[in-house]
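The structure appears right after this line, and notes come after that.
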Amino acid sequence: MARVVLNQVSKRFSDTVAAVSELNLEVADREFLVLVGPSGCGKTTTLRMIAGLEEVSSGEITIGDRDVTHVSPKDRDIAMVFQNYALYPHMTVRRNMSFGLRLRYGGNFIFRMWRRWNDAESAARREEQFRQIPQRVDQVAGTLGIGKLLDRYPRELSGGERQRVALGRAIVREPAAFLFDEPLSNLDAKLRVEMRRELKELHRRLGATMIYVTHDQVEAMTLGDRIAVMDQGVLQQVGPPSEVYHKPANRFVAGFLGTPGMNLLEGKLVEENGRLQFRSGGIALEMSANQRPEWEPSSSRTIVLGVRPEAILLTEEPSPGCLPAGRGQVELVESLGDVAYVHIRLPGLPDAGDQAPRITAKATISADGLTDRLTPLAFREE
Ligand code: ADP
Ligand code: MG
């Protein structure tokens, strides 16, 4: 197993556009790292550079402390699982799963004779490995629950089964690291949740380094030991899911994570008589001591305050012990069964250009209503 390090890695497909810009990323041995970001932000390109399927324009990549920047894909000791499974249609499941190993330990007859003659010891080791391929395939197929499908062809399998075969093909190779490119995005919602859980379990069992690419922030939050958020080829933030969620580094990360993303309010952070207040139009929010930013509040600077939808308390009348932030009208309620997104027009907020001043709150649908308090986060405007 191995650590994977990207040092100042860039990829340009043309002079004008950088698909990936000076990416620094260190994935620890046995870590599950999720690379997340919107479509086109450079995730696949990053993964393909790690796999060696794409040349870097500049920078270095090391896998297990070996510089592999210019090493061919087959010599990098990694396995990649794609969104479209990429199974060989003319081979059975068994053949699909064993193909990589057969290439590595087998080769054609002449090559094997030459090797036996040239290096008897390594030839014996390889032949032993070659003999064990069927057992390895059976064992991995058993683990993934596809033992009964080994003699079928890919066209005779469902999407979920194909995805398991693609996984199995990667696992039998026992690579130093696994790379996944949106492997669950072609599955229906229910199966996706199931496979997500299985992947996490598999990671625990194999103890392997895994780099997982997705545009789905729920997948990122649930799967990753750490998540790396990318936008337009640039890494925005890396950290454990809860840290990235609760302490987003900038507006992009704040808006990208969470459903819906943070409400971003422009205003001023002012300090008077030791009390910290966020003011925006007719709205004033008291900030508690643990919400104090690292920088000095100043009334001359416009800042952005991020408020999670689930951190907004909706009440008809201000309740005792709760500081009223503002009054608004409910414009739209989107109910999801257990929760609802409540879009509220806040006349007290200043108009943000063409956008009407509104915020979104997330309310639990139950007799008790919401339990959370307002917990805003402040960003300094760059
Ligand atoms: P993601 O996987 O995050 O959706 P990609 O890594 O596929 O994004 O693409 C990043 C950017 O690089 C996009 O703007 C895409 O159009 C561009 N790109 C990707 N592959 C190529 C290529 N082979 N030639 C030219 N541009 C490419
Ligand atoms: Mg992609």
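To be explicit about the labels: the chains of the structure tokens are called A, B, and onward in the order shown, and within each one the residues are counted from 1, while ligands get numbers from 1 in the order they are shown.
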
All alpha helix (DSSP H) residues (DSSP, backbone) inside stretch 32-266 of chain A, as a PyMOL selection string:
chain A and resi 43-51+93-105+109-118+120-131+133-144+159-172+189-206+217-223+241-246+251-256

I need the residues from that last selection saved to file as a short mmCIF file (atom, residue, chain, number, x, y, z; two decimals), in the first residue's frame (with C-alpha atoms), if you can.
data_model
loop_
_atom_site.label_atom_id
_atom_site.label_comp_id
_atom_site.auth_asym_id
_atom_site.auth_seq_id
_atom_site.Cartn_x
_atom_site.Cartn_y
_atom_site.Cartn_z
CA LYS A 43 -11.17 15.84 -11.32
CA THR A 44 -10.90 13.24 -14.08
CA THR A 45 -7.80 14.91 -15.48
CA THR A 46 -6.19 14.75 -12.03
CA LEU A 47 -7.02 11.07 -11.66
CA ARG A 48 -5.78 10.28 -15.16
CA MET A 49 -2.48 11.98 -14.42
CA ILE A 50 -2.08 9.87 -11.26
CA ALA A 51 -2.87 6.77 -13.32
CA VAL A 93 -16.86 -12.05 -15.76
CA ARG A 94 -14.17 -14.53 -14.74
CA ARG A 95 -12.02 -13.56 -17.70
CA ASN A 96 -12.63 -9.85 -17.13
CA MET A 97 -11.47 -10.20 -13.55
CA SER A 98 -8.42 -12.31 -14.27
CA PHE A 99 -7.26 -10.54 -17.41
CA GLY A 100 -4.88 -8.06 -15.73
CA LEU A 101 -3.27 -10.78 -13.61
CA ARG A 102 -2.88 -13.11 -16.57
CA LEU A 103 -1.06 -10.36 -18.42
CA ARG A 104 1.18 -9.64 -15.46
CA TYR A 105 2.10 -13.21 -14.52
CA PHE A 109 4.32 -19.18 -24.46
CA ILE A 110 7.54 -17.88 -26.04
CA PHE A 111 7.85 -15.10 -23.47
CA ARG A 112 7.42 -17.58 -20.63
CA MET A 113 10.06 -19.94 -22.02
CA TRP A 114 12.44 -17.05 -22.47
CA ARG A 115 11.87 -15.92 -18.90
CA ARG A 116 12.34 -19.44 -17.52
CA TRP A 117 15.62 -19.68 -19.31
CA ASN A 118 16.72 -16.17 -18.32
CA ALA A 120 14.60 -19.28 -13.24
CA GLU A 121 13.80 -17.95 -9.79
CA SER A 122 11.51 -15.12 -10.81
CA ALA A 123 9.90 -17.38 -13.41
CA ALA A 124 9.01 -19.91 -10.70
CA ARG A 125 7.53 -17.17 -8.53
CA ARG A 126 5.49 -15.84 -11.40
CA GLU A 127 4.19 -19.25 -12.32
CA GLU A 128 3.10 -19.82 -8.76
CA GLN A 129 1.21 -16.51 -8.91
CA PHE A 130 -0.23 -17.50 -12.27
CA ARG A 131 -1.53 -20.78 -10.84
CA ILE A 133 -5.24 -16.63 -10.26
CA PRO A 134 -8.44 -18.76 -10.28
CA GLN A 135 -8.46 -18.93 -6.47
CA ARG A 136 -7.92 -15.21 -6.16
CA VAL A 137 -10.75 -14.49 -8.56
CA ASP A 138 -13.08 -16.88 -6.70
CA GLN A 139 -12.19 -15.33 -3.38
CA VAL A 140 -12.75 -11.74 -4.49
CA ALA A 141 -15.96 -12.69 -6.33
CA GLY A 142 -17.19 -14.29 -3.09
CA THR A 143 -16.42 -11.15 -1.12
CA LEU A 144 -18.39 -9.02 -3.57
CA GLY A 159 -25.68 -2.00 -13.71
CA GLY A 160 -24.97 -2.83 -10.08
CA GLU A 161 -23.52 -6.23 -10.96
CA ARG A 162 -21.28 -4.70 -13.62
CA GLN A 163 -20.02 -2.19 -11.13
CA ARG A 164 -19.17 -5.01 -8.71
CA VAL A 165 -17.27 -6.82 -11.48
CA ALA A 166 -15.33 -3.65 -12.27
CA LEU A 167 -14.51 -3.38 -8.57
CA GLY A 168 -13.54 -7.04 -8.42
CA ARG A 169 -11.21 -6.64 -11.36
CA ALA A 170 -9.42 -3.85 -9.50
CA ILE A 171 -9.27 -5.73 -6.19
CA VAL A 172 -7.75 -8.98 -7.55
CA ALA A 189 -30.40 6.09 -6.04
CA LYS A 190 -31.09 3.06 -3.84
CA LEU A 191 -28.23 0.97 -5.21
CA ARG A 192 -25.90 3.96 -4.96
CA VAL A 193 -26.52 4.21 -1.22
CA GLU A 194 -25.95 0.48 -0.85
CA MET A 195 -22.72 0.49 -2.88
CA ARG A 196 -21.50 3.53 -0.97
CA ARG A 197 -21.76 1.59 2.25
CA GLU A 198 -20.06 -1.42 0.69
CA LEU A 199 -17.20 0.67 -0.64
CA LYS A 200 -16.56 2.14 2.79
CA GLU A 201 -16.59 -1.36 4.28
CA LEU A 202 -14.27 -2.59 1.53
CA HIS A 203 -11.84 0.21 2.28
CA ARG A 204 -11.77 -0.81 5.93
CA ARG A 205 -11.19 -4.43 5.04
CA LEU A 206 -8.52 -3.90 2.37
CA GLN A 217 -21.16 16.26 -2.25
CA VAL A 218 -23.16 13.67 -0.27
CA GLU A 219 -20.86 10.92 -1.56
CA ALA A 220 -17.89 13.07 -0.64
CA MET A 221 -19.10 13.77 2.88
CA THR A 222 -20.03 10.15 3.63
CA LEU A 223 -17.06 8.36 2.03
CA PRO A 241 -15.58 16.38 5.96
CA SER A 242 -16.84 18.07 9.12
CA GLU A 243 -14.04 20.63 9.06
CA VAL A 244 -14.66 21.53 5.42
CA TYR A 245 -18.39 21.71 6.11
CA HIS A 246 -18.19 23.81 9.24
CA ARG A 251 -17.44 31.31 -0.66
CA PHE A 252 -17.11 28.60 -3.25
CA VAL A 253 -16.67 25.80 -0.69
CA ALA A 254 -19.43 27.30 1.49
CA GLY A 255 -21.88 27.29 -1.40
CA PHE A 256 -20.84 23.92 -2.81
#

Contacts to ligand 1 at 9 Å cut-off (only C-alpha atoms and all ligand atoms) as an NGL selection string
:A and (11-14 or 17-20 or 36-48 or 54 or 181-182 or 213-215 or 230-233)

Kindly indicate which residue among A:Phe32, A:Tyr212, A:Tyr88, A:Tyr153 lies nearest to ligand 2, using only C-alpha atoms and all ligand atoms for the distances.
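Smallest distance to ligand 2 is found for A:Tyr212.
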
Sel. of strand (DSSP E or B) residues, stretch 157-375 of chain A, as a PyMOL selection string
chain A and resi 177-181+209-214+226-231+234-239+263-272+275-280+283-287+303-307+329-335+339-345+352+355+358-364

Under the rule that only C-alpha atoms and all ligand atoms are counted, which of A:Pro260, A:Gly282, A:Gly348, A:Pro183 is the nearest residue to ligand 2?
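Ranking A:Pro260, A:Gly282, A:Gly348, A:Pro183 by distance to ligand 2, first place goes to A:Pro183.
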
Taking only C-alpha atoms and all ligand atoms into account, name the residue in A:Asp216, A:Met210, A:Asp338, A:Glu174 that is nearest to ligand 2.
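Ranking A:Asp216, A:Met210, A:Asp338, A:Glu174 by distance to ligand 2, first place goes to A:Asp216.
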